[in-house]
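Coordinates as given in upload-v2.csv (CSV, C-alpha atoms and all ligand atoms):
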```csv
chain,number,residue,atom,x,y,z
A,274,MET,CA,0.0,0.0,0.0
A,275,ASN,CA,1.5,3.3,-0.9
A,276,PRO,CA,1.9,5.8,1.9
A,277,ARG,CA,-1.0,8.0,0.7
A,278,HIS,CA,-3.4,5.0,0.6
A,279,TRP,CA,-2.2,4.0,4.0
A,280,PHE,CA,-2.9,7.5,5.4
A,281,ASP,CA,-6.4,7.4,3.9
A,282,ALA,CA,-7.1,3.9,5.2
A,283,VAL,CA,-6.0,4.9,8.7
A,284,LEU,CA,-8.1,8.0,8.7
A,285,LEU,CA,-11.1,6.0,7.4
A,286,SER,CA,-10.7,3.4,10.0
A,287,GLY,CA,-11.1,6.1,12.6
A,288,PHE,CA,-7.9,4.9,14.2
A,289,LEU,CA,-6.3,8.3,13.9
A,290,THR,CA,-8.3,11.4,13.8
A,291,LEU,CA,-7.2,14.7,12.3
A,292,PRO,CA,-6.8,16.4,15.6
A,293,THR,CA,-4.5,13.6,16.7
A,294,LEU,CA,-2.4,14.2,13.7
A,295,TRP,CA,-2.4,17.9,14.2
A,296,ALA,CA,-1.3,17.4,17.7
A,297,GLN,CA,2.1,16.3,16.4
A,298,ALA,CA,2.7,19.8,15.2
A,299,PRO,CA,5.0,21.7,17.6
A,300,ALA,CA,3.2,23.4,20.4
A,301,PRO,CA,3.4,27.2,20.5
A,302,LYS,CA,5.1,28.8,23.4
A,303,ILE,CA,2.0,30.8,24.5
A,304,ILE,CA,-1.7,30.1,24.0
A,305,ASP,CA,-4.1,32.9,24.8
A,306,ALA,CA,-7.4,31.5,25.8
A,307,HIS,CA,-9.2,34.9,26.0
A,308,LEU,CA,-8.7,37.6,23.3
A,309,HIS,CA,-11.4,39.7,21.8
A,310,HIS,CA,-11.6,40.7,18.1
A,311,ASN,CA,-12.7,44.3,17.7
A,312,GLY,CA,-14.2,43.6,14.3
A,313,ASP,CA,-11.5,45.6,12.4
A,314,PRO,CA,-9.7,43.6,9.8
A,315,ALA,CA,-6.6,45.7,10.4
A,316,PHE,CA,-6.5,44.5,14.0
A,317,LEU,CA,-6.2,40.9,12.7
A,318,GLU,CA,-3.0,41.8,10.8
A,319,LYS,CA,-1.5,43.6,13.8
A,320,LEU,CA,-2.5,40.7,16.1
A,321,THR,CA,-1.0,38.0,13.9
A,322,ALA,CA,2.3,39.9,13.6
A,323,LYS,CA,2.3,40.1,17.4
A,324,LEU,CA,1.5,36.4,17.9
A,325,ASP,CA,4.2,35.5,15.3
A,326,SER,CA,6.8,37.5,17.2
A,327,VAL,CA,6.3,35.5,20.4
A,328,ASP,CA,5.2,32.1,19.0
A,329,ALA,CA,1.7,32.3,20.3
A,330,LEU,CA,-1.7,31.0,19.4
A,331,ALA,CA,-4.9,32.9,20.4
A,332,LEU,CA,-8.5,31.9,20.7
A,333,LEU,CA,-10.1,34.8,19.0
A,334,ILE,CA,-13.5,35.8,20.4
A,335,THR,CA,-15.5,36.4,17.2
A,336,ALA,CA,-19.0,38.0,16.8
A,337,PRO,CA,-21.3,36.3,14.3
A,338,LYS,CA,-21.1,39.4,12.0
A,339,ASP,CA,-17.3,38.9,11.8
A,340,LEU,CA,-17.3,35.1,11.4
A,341,GLU,CA,-16.8,34.9,7.6
A,342,GLY,CA,-14.0,37.4,7.6
A,343,VAL,CA,-12.3,35.7,10.5
A,344,LYS,CA,-12.7,32.3,9.0
A,345,ALA,CA,-11.0,33.3,5.8
A,346,PHE,CA,-8.2,35.1,7.8
A,347,ILE,CA,-7.7,32.0,10.1
A,348,ALA,CA,-7.4,29.8,7.0
A,349,LYS,CA,-4.2,31.8,6.2
A,350,HIS,CA,-2.9,31.7,9.8
A,351,PRO,CA,-4.0,28.4,11.3
A,352,ASN,CA,-1.0,28.1,13.6
A,353,ARG,CA,-1.8,31.6,15.1
A,354,LEU,CA,-5.5,31.9,15.5
A,355,MET,CA,-8.6,29.8,16.3
A,356,CYS,CA,-12.1,31.1,16.6
A,357,ASP,CA,-14.2,31.3,19.6
A,358,GLY,CA,-17.9,32.0,18.7
A,359,GLU,CA,-19.5,34.8,20.7
A,360,LEU,CA,-23.1,34.2,21.6
A,361,SER,CA,-25.7,35.2,24.2
A,362,LEU,CA,-27.3,32.3,26.2
A,363,ASP,CA,-30.6,34.2,25.9
A,364,ASP,CA,-30.5,34.5,22.1
A,365,PRO,CA,-33.5,32.4,20.9
A,366,LEU,CA,-31.3,31.3,18.0
A,367,ALA,CA,-28.4,30.3,20.2
A,368,LEU,CA,-28.4,26.6,19.2
A,369,GLU,CA,-28.4,27.4,15.5
A,370,LEU,CA,-25.5,29.8,16.2
A,371,VAL,CA,-23.5,27.0,17.9
A,372,ASP,CA,-24.1,24.8,14.8
A,373,ARG,CA,-22.9,27.7,12.6
A,374,PHE,CA,-19.8,28.4,14.7
A,375,HIS,CA,-19.0,24.7,14.7
A,376,ALA,CA,-19.5,24.4,10.9
A,377,ALA,CA,-17.1,27.4,10.5
A,378,GLY,CA,-14.4,25.5,12.4
A,379,CYS,CA,-14.6,27.4,15.7
A,380,ARG,CA,-13.1,25.4,18.6
A,381,GLY,CA,-14.9,27.3,21.3
A,382,LEU,CA,-17.7,29.5,22.4
A,383,GLY,CA,-17.5,32.7,24.3
A,384,GLU,CA,-16.9,34.9,26.0
A,385,VAL,CA,-20.4,34.2,27.4
A,386,THR,CA,-21.5,37.0,29.7
A,387,SER,CA,-24.4,38.9,31.2
A,388,PRO,CA,-27.1,36.2,31.2
A,389,LEU,CA,-30.6,36.9,32.2
A,390,LYS,CA,-30.6,33.8,34.4
A,391,ASN,CA,-27.8,32.0,36.3
A,392,TYR,CA,-25.2,30.3,34.1
A,393,ASP,CA,-26.4,26.9,35.4
A,394,ASP,CA,-30.1,27.5,34.7
A,395,ARG,CA,-31.5,24.4,33.1
A,396,SER,CA,-33.0,26.4,30.2
A,397,TYR,CA,-29.4,26.9,29.0
A,398,TRP,CA,-28.5,23.2,29.1
A,399,PRO,CA,-29.3,22.4,25.5
A,400,ILE,CA,-26.6,24.9,24.5
A,401,TYR,CA,-24.0,23.2,26.7
A,402,GLU,CA,-25.1,19.8,25.5
A,403,ARG,CA,-24.5,20.9,21.9
A,404,ALA,CA,-21.1,22.3,22.7
A,405,GLU,CA,-20.2,19.1,24.5
A,406,LYS,CA,-21.2,17.1,21.5
A,407,TYR,CA,-19.0,19.2,19.2
A,408,ARG,CA,-16.1,19.1,21.8
A,409,MET,CA,-16.1,22.9,21.8
A,410,LEU,CA,-14.9,24.6,25.0
A,411,ILE,CA,-16.8,27.4,26.5
A,412,LEU,CA,-15.3,30.6,28.0
A,413,PHE,CA,-17.5,32.2,30.6
A,414,HIS,CA,-17.1,35.6,32.2
A,415,THR,CA,-17.1,35.2,35.9
A,416,GLY,CA,-17.3,37.8,38.7
A,417,ILE,CA,-17.4,41.6,38.5
A,418,VAL,CA,-18.2,43.1,35.2
A,419,ASN,CA,-17.6,46.6,33.8
A,420,ARG,CA,-20.3,49.2,33.4
A,421,MET,CA,-19.4,51.2,30.4
A,422,HIS,CA,-22.7,53.1,30.0
A,423,PRO,CA,-24.0,53.9,33.5
A,424,GLU,CA,-26.7,56.1,32.0
A,425,ILE,CA,-28.4,53.2,30.1
A,426,PRO,CA,-30.6,50.8,32.1
A,427,ALA,CA,-29.3,47.3,31.9
A,428,ASP,CA,-30.5,43.9,33.1
A,429,ILE,CA,-27.1,42.6,34.2
A,430,SER,CA,-26.1,41.1,37.5
A,431,VAL,CA,-22.7,39.8,38.7
A,432,ASP,CA,-24.6,37.5,40.9
A,433,ARG,CA,-25.7,35.4,37.9
A,434,MET,CA,-22.1,35.0,36.9
A,435,ARG,CA,-20.7,33.7,40.1
A,436,PRO,CA,-18.0,31.1,39.6
A,437,LEU,CA,-19.9,28.5,41.7
A,438,THR,CA,-22.6,28.3,38.9
A,439,LEU,CA,-19.9,26.6,36.8
A,440,ASP,CA,-19.6,23.7,39.3
A,441,THR,CA,-23.1,22.5,38.3
A,442,LEU,CA,-22.1,22.6,34.6
A,443,ALA,CA,-18.7,20.9,35.0
A,444,ARG,CA,-20.3,18.0,36.8
A,445,ARG,CA,-23.3,17.7,34.5
A,446,PHE,CA,-21.3,17.9,31.3
A,447,PRO,CA,-18.1,16.0,32.0
A,448,ASN,CA,-16.9,16.1,28.4
A,449,LEU,CA,-17.3,19.9,28.2
A,450,THR,CA,-14.2,21.9,28.8
A,451,ILE,CA,-15.0,25.1,30.7
A,452,ILE,CA,-12.9,28.1,31.2
A,453,GLY,CA,-14.0,30.8,33.7
A,454,ALA,CA,-12.5,34.2,33.0
A,455,HIS,CA,-11.1,36.4,35.8
A,456,LEU,CA,-11.0,33.6,38.5
A,457,GLY,CA,-14.4,34.8,39.7
A,458,ASN,CA,-13.1,38.2,40.9
A,459,PRO,CA,-13.4,38.7,43.8
A,460,ASP,CA,-14.6,35.2,44.7
A,461,TYR,CA,-11.2,33.6,44.1
A,462,ALA,CA,-11.5,31.0,46.7
A,463,ASP,CA,-14.8,29.7,45.4
A,464,ALA,CA,-13.4,29.5,41.9
A,465,ALA,CA,-10.2,27.7,42.9
A,466,GLU,CA,-12.0,25.2,45.1
A,467,ILE,CA,-14.4,24.1,42.4
A,468,ALA,CA,-11.5,23.9,39.9
A,469,ARG,CA,-9.7,21.7,42.4
A,470,TRP,CA,-12.4,19.0,42.1
A,471,ASN,CA,-13.5,19.5,38.5
A,472,PRO,CA,-10.9,18.3,36.0
A,473,ASN,CA,-12.8,19.9,33.1
A,474,LEU,CA,-12.8,23.4,34.7
A,475,TYR,CA,-10.0,26.0,34.4
A,476,PHE,CA,-9.8,29.7,35.0
A,477,ASP,CA,-7.8,32.6,33.6
A,478,LEU,CA,-6.6,35.5,35.8
A,479,SER,CA,-7.1,38.3,33.3
A,480,GLY,CA,-8.7,41.6,34.4
A,481,SER,CA,-7.9,43.7,37.4
A,482,SER,CA,-7.0,41.0,40.0
A,483,LEU,CA,-3.3,40.8,39.4
A,484,ILE,CA,-3.2,44.6,39.5
A,485,LYS,CA,-5.2,44.7,42.7
A,486,LYS,CA,-2.8,42.1,44.3
A,487,GLN,CA,0.4,43.3,42.8
A,488,ASP,CA,1.9,44.2,46.2
A,489,ASP,CA,0.9,40.9,47.6
A,490,PRO,CA,1.6,38.4,44.9
A,491,THR,CA,2.0,35.4,47.3
A,492,PHE,CA,-1.7,35.9,48.2
A,493,TRP,CA,-2.4,33.4,45.4
A,494,LYS,CA,-0.7,30.7,47.3
A,495,THR,CA,-3.5,30.8,49.8
A,496,ILE,CA,-6.0,30.3,46.9
A,497,PHE,CA,-4.0,27.5,45.1
A,498,TRP,CA,-2.9,25.8,48.3
A,499,TRP,CA,-3.0,22.1,47.6
A,500,SER,CA,0.2,21.3,45.6
A,501,GLY,CA,1.7,18.1,46.9
A,502,VAL,CA,-0.9,17.7,49.7
A,503,VAL,CA,-1.6,14.1,50.4
A,504,SER,CA,-5.1,13.7,51.9
A,505,PRO,CA,-8.3,11.9,51.2
A,506,HIS,CA,-9.9,15.4,50.9
A,507,THR,CA,-8.0,16.5,47.9
A,508,PRO,CA,-7.7,14.8,44.5
A,509,ALA,CA,-4.8,12.3,44.5
A,510,GLY,CA,-1.6,12.7,42.5
A,511,GLY,CA,-2.7,16.0,40.9
A,512,PRO,CA,-0.3,18.5,39.3
A,513,ASN,CA,0.7,21.8,40.8
A,514,ALA,CA,-2.5,23.6,42.1
A,515,PHE,CA,-1.7,26.7,39.9
A,516,GLU,CA,-2.3,24.5,36.9
A,517,ARG,CA,-6.0,25.1,37.3
A,518,LEU,CA,-5.0,28.4,35.6
A,519,VAL,CA,-4.5,29.0,31.9
A,520,PHE,CA,-3.2,32.2,30.3
A,521,GLY,CA,-5.7,34.7,29.0
A,522,SER,CA,-4.9,38.3,28.1
A,523,ASP,CA,-8.5,39.7,27.7
A,524,VAL,CA,-7.3,42.1,25.0
A,525,PHE,CA,-10.3,44.0,23.9
A,526,ASP,CA,-11.2,47.1,21.8
A,527,GLY,CA,-8.0,46.5,19.9
A,528,GLU,CA,-5.7,47.3,22.8
A,529,LEU,CA,-3.0,44.8,21.9
A,530,GLU,CA,-0.5,46.3,24.4
A,531,GLU,CA,-2.5,44.5,27.1
A,532,PHE,CA,-1.2,41.2,25.8
A,533,ASP,CA,2.4,41.9,27.0
A,534,ARG,CA,1.2,43.6,30.2
A,535,GLU,CA,-0.9,40.6,31.1
A,536,LEU,CA,1.9,38.2,30.3
A,537,GLU,CA,4.2,40.1,32.6
A,538,ARG,CA,1.7,40.1,35.4
A,539,TYR,CA,1.3,36.4,35.1
A,540,HIS,CA,5.0,35.8,35.1
A,541,LYS,CA,5.6,38.0,38.1
A,542,MET,CA,2.9,36.3,40.1
A,543,LEU,CA,3.9,32.8,39.2
A,544,ASP,CA,7.6,33.5,40.0
A,545,ALA,CA,6.7,35.1,43.3
A,546,CYS,CA,4.6,32.0,44.2
A,547,GLY,CA,7.5,29.7,43.3
A,548,VAL,CA,5.5,27.8,40.7
A,549,PRO,CA,8.0,25.4,39.0
A,550,LYS,CA,8.9,26.0,35.3
A,551,PRO,CA,7.1,22.9,33.9
A,552,ALA,CA,3.9,23.9,35.7
A,553,GLN,CA,4.3,27.5,34.3
A,554,GLU,CA,4.8,26.0,30.8
A,555,ASN,CA,1.5,24.2,31.2
A,556,ILE,CA,-0.2,27.4,32.3
A,557,PHE,CA,1.1,29.4,29.4
A,558,ALA,CA,0.5,26.8,26.7
A,559,GLY,CA,0.7,23.1,27.5
A,560,THR,CA,-2.7,22.7,29.1
A,561,MET,CA,-4.6,24.5,26.4
A,562,TRP,CA,-2.6,22.6,23.7
A,563,ARG,CA,-3.7,19.3,25.2
A,564,LEU,CA,-7.3,20.5,25.5
A,565,LEU,CA,-7.4,21.7,21.9
A,566,ASN,CA,-6.0,18.5,20.7
A,567,LYS,CA,-8.4,16.2,22.7
A,601,ZN,ZN,-13.1,39.1,28.0
```
Show me, as structure tokens, the structure contained in the file I just sent.
Amino acid sequence: MNPRHWFDAVLLSGFLTLPTLWAQAPAPKIIDAHLHHNGDPAFLEKLTAKLDSVDALALLITAPKDLEGVKAFIAKHPNRLMCDGELSLDDPLALELVDRFHAAGCRGLGEVTSPLKNYDDRSYWPIYERAEKYRMLILFHTGIVNRMHPEIPADISVDRMRPLTLDTLARRFPNLTIIGAHLGNPDYADAAEIARWNPNLYFDLSGSSLIKKQDDPTFWKTIFWWSGVVSPHTPAGGPNAFERLVFGSDVFDGELEEFDRELERYHKMLDACGVPKPAQENIFAGTMWRLLNK
């Protein structure tokens, strides 16, 4: 059998899947799990140049109106960008949108934010089921959220975006990978504790938290406390507790400078907390690389 036929036969047999093959590509140094497209095609050019310069891959949060353009752009830069489809849980067409994002090759959904009901409300479950079926990960905003237009009435509540609402979802949808943005600011302890027991739940620490705690960086050791602890009350043989974190820059409105600032804040905090190099490599890329290749 010539090699080409062998390759087709193996693929057809289902023994090797395309993601498995793709996994053999070298991993990038950085994977940004949380980066917003501002809808401007010029931003994509700037962003790709930035990602090239530091060997990074970003999950690009993409609104439906930008999907076609982003899809075409990603086809030219598949090693630098993947698409995260932005949707509202309350959109009556949400399920169709999940299908559309999936068909366009998006690997994730998000950033989900500002729901009218709690994230774990059962009326949203069909959306999570669909994402689980497609093996798409979901990025949820957790904790405090900005208020850009205080003069406009808004039906938004931080209480509906508490990190604990993700505990229900992680347990109910075991094959769904969930990323909570901002580590539930300020409910860090809640967020970390549910990530401790849910292997399919991760958080990023983007936003104001690392600025708030910059003079007290070892504070995070009290949140991610269980490295090396042997006890029936903590999962056995787990990696470093900080590995419940993944890197997210939360670049938005085209402010690409935030990418480097956030990277520096992460590095400073992880070094101050004595997080070993291999664990840091997982936080900056390894964990996301494994999840994206699952
Ligand atoms: Zn964000």
Completion exercise
One decimal place gives the CA of Asp393 (chain A)-CA of Thr415 (chain A) separation as 12.5 Å
Can you pull out every residue with an atom within 8 Å of ligand ZN 601 (chain A)? Use only C-alpha atoms and all ligand atoms and format it as a JSON list (two decimals) with C-alpha atoms, in the coordinates of the input.
```
[["chain", "number", "residue", "atom", "x", "y", "z"],
["A", 307, "HIS", "CA", -9.20, 34.90, 26.00],
["A", 308, "LEU", "CA", -8.70, 37.60, 23.30],
["A", 309, "HIS", "CA", -11.40, 39.70, 21.80],
["A", 384, "GLU", "CA", -16.90, 34.90, 26.00],
["A", 414, "HIS", "CA", -17.10, 35.60, 32.20],
["A", 454, "ALA", "CA", -12.50, 34.20, 33.00],
["A", 523, "ASP", "CA", -8.50, 39.70, 27.70],
["A", 524, "VAL", "CA", -7.30, 42.10, 25.00],
["A", 525, "PHE", "CA", -10.30, 44.00, 23.90]]
```
Practice task
Mind giving me the straight-line distance from CA of Phe476 (chain A) to CA of Gly457 (chain A) in Å, one decimal?
Solution key: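 Interatomic distance here is 8.3 Å.
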Exercise for the section: Counting all atoms listed in the file, figure out which residue out of A:Leu449, A:Ala465, A:Leu389, A:Ala306 gets nearest to Asp432 (chain A). Expected result: A:Leu389
Exercise for the section: Would you mind telling me which residue in A:Glu424, A:Asp325, A:Asp477, A:Asp394 lies nearest to Thr438 (chain A) when using all atoms listed in the file? Expected result: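 Nearest to Thr438 (chain A): A:Asp394.
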Handout entry: Which of A:Pro426, A:Phe497, A:Gly521, A:His506 sits closest to Leu333 (chain A) [using all atoms listed in the file]
Key =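 Smallest separation from Leu333 (chain A) among the options: A:Gly521.
Computed from the coordinates, the CA of Pro388 (chain A) to CA of Glu359 (chain A) distance equals 13.0 Å.
Nearest-residue note for Glu318 (chain A): choosing from A:Phe532, A:Ser522, A:Leu442, A:Arg353, the minimum distance belongs to A:Arg353, counting only C-alpha atoms.
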Within 10 Å of file point (-2.3, 36.4, 10.4), counting only C-alpha atoms, expressed as an mmCIF file with C-alpha atoms, keeping the file's coordinate frame:
```cif
data_model
loop_
_atom_site.group_PDB
_atom_site.id
_atom_site.type_symbol
_atom_site.label_atom_id
_atom_site.label_comp_id
_atom_site.auth_asym_id
_atom_site.auth_seq_id
_atom_site.Cartn_x
_atom_site.Cartn_y
_atom_site.Cartn_z
ATOM 1 C CA PHE A 316 -6.500 44.500 14.000
ATOM 2 C CA LEU A 317 -6.200 40.900 12.700
ATOM 3 C CA GLU A 318 -3.000 41.800 10.800
ATOM 4 C CA LYS A 319 -1.500 43.600 13.800
ATOM 5 C CA LEU A 320 -2.500 40.700 16.100
ATOM 6 C CA THR A 321 -1.000 38.000 13.900
ATOM 7 C CA ALA A 322 2.300 39.900 13.600
ATOM 8 C CA LYS A 323 2.300 40.100 17.400
ATOM 9 C CA LEU A 324 1.500 36.400 17.900
ATOM 10 C CA ASP A 325 4.200 35.500 15.300
ATOM 11 C CA PHE A 346 -8.200 35.100 7.800
ATOM 12 C CA ILE A 347 -7.700 32.000 10.100
ATOM 13 C CA ALA A 348 -7.400 29.800 7.000
ATOM 14 C CA LYS A 349 -4.200 31.800 6.200
ATOM 15 C CA HIS A 350 -2.900 31.700 9.800
ATOM 16 C CA PRO A 351 -4.000 28.400 11.300
ATOM 17 C CA ASN A 352 -1.000 28.100 13.600
ATOM 18 C CA ARG A 353 -1.800 31.600 15.100
ATOM 19 C CA LEU A 354 -5.500 31.900 15.500
#
```
Exercise for the section: Could you give me, as an MDAnalysis selection string, the residues that sit within 8 Å of (-21.4, 33.6, 34.2) in the file's coordinates, counting all atoms listed in the file? Expected result: chainID A and resid 385:388 391:392 413:416 431 433:436 438:439 453
Those residues with C-alpha atoms, as an mmCIF file, in the coordinates of the input please?
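That gives us again.cif:
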```
data_model
loop_
_atom_site.group_PDB
_atom_site.id
_atom_site.type_symbol
_atom_site.label_atom_id
_atom_site.label_comp_id
_atom_site.auth_asym_id
_atom_site.auth_seq_id
_atom_site.Cartn_x
_atom_site.Cartn_y
_atom_site.Cartn_z
ATOM 1 C CA VAL A 385 -20.400 34.200 27.400
ATOM 2 C CA THR A 386 -21.500 37.000 29.700
ATOM 3 C CA SER A 387 -24.400 38.900 31.200
ATOM 4 C CA PRO A 388 -27.100 36.200 31.200
ATOM 5 C CA ASN A 391 -27.800 32.000 36.300
ATOM 6 C CA TYR A 392 -25.200 30.300 34.100
ATOM 7 C CA PHE A 413 -17.500 32.200 30.600
ATOM 8 C CA HIS A 414 -17.100 35.600 32.200
ATOM 9 C CA THR A 415 -17.100 35.200 35.900
ATOM 10 C CA GLY A 416 -17.300 37.800 38.700
ATOM 11 C CA VAL A 431 -22.700 39.800 38.700
ATOM 12 C CA ARG A 433 -25.700 35.400 37.900
ATOM 13 C CA MET A 434 -22.100 35.000 36.900
ATOM 14 C CA ARG A 435 -20.700 33.700 40.100
ATOM 15 C CA PRO A 436 -18.000 31.100 39.600
ATOM 16 C CA THR A 438 -22.600 28.300 38.900
ATOM 17 C CA LEU A 439 -19.900 26.600 36.800
ATOM 18 C CA GLY A 453 -14.000 30.800 33.700
#
```
With region 543-567 of chain A as the partner and 12 Å as the cut-off, tabulate the residues of region 411-457 of chain A that qualify, each row holding the nearest pair of atoms and their distance in Å to one decimal, using all atoms listed in the file, sorted by chain and rising number, as a Markdown table.
```
| residue | atom | partner | partner_atom | distance |
| --- | --- | --- | --- | --- |
| A:Ile411 | CA | A:Leu564 | CA | 11.8 |
| A:Asn448 | CA | A:Lys567 | CA | 10.2 |
| A:Leu449 | CA | A:Leu564 | CA | 10.4 |
| A:Thr450 | CA | A:Leu564 | CA | 7.8 |
| A:Ile451 | CA | A:Leu564 | CA | 10.4 |
| A:Ile452 | CA | A:Met561 | CA | 10.2 |
```
Exercise for the section: Identify which of the residues A:Ala509, A:Ala298, A:Ile467, A:Val503 lies closest to Asp440 (chain A), counting only C-alpha atoms when measuring atom-to-atom distances. Expected result: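 For Asp440 (chain A), the nearest of the given residues is A:Ile467.
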Problem - Option closest in space to Ala345 (chain A), from A:His540, A:Glu466, A:Ala377, A:Ser481 [counting all atoms listed in the file] - result: A:Ala377
Exercise for the section: Considering only C-alpha atoms, return as a list in words whatever protein or nucleic-acid residues lie within 9 Å of Pro472 (chain A), sequence-local ones (same chain, fewer than 2 positions apart) excluded. Expected result: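 Counting only the stated atoms, we get Ala443, Pro447, Thr450, Ala468, Arg469, Trp470, Leu474, Tyr475 and Arg517 of chain A.
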Handout entry: Spatial neighbours of Trp498 (chain A), max dist 9 Å, all atoms listed in the file, sep filter under 4 positions, as number ranges by chain
Key = A: 493-494, 502, 514-515
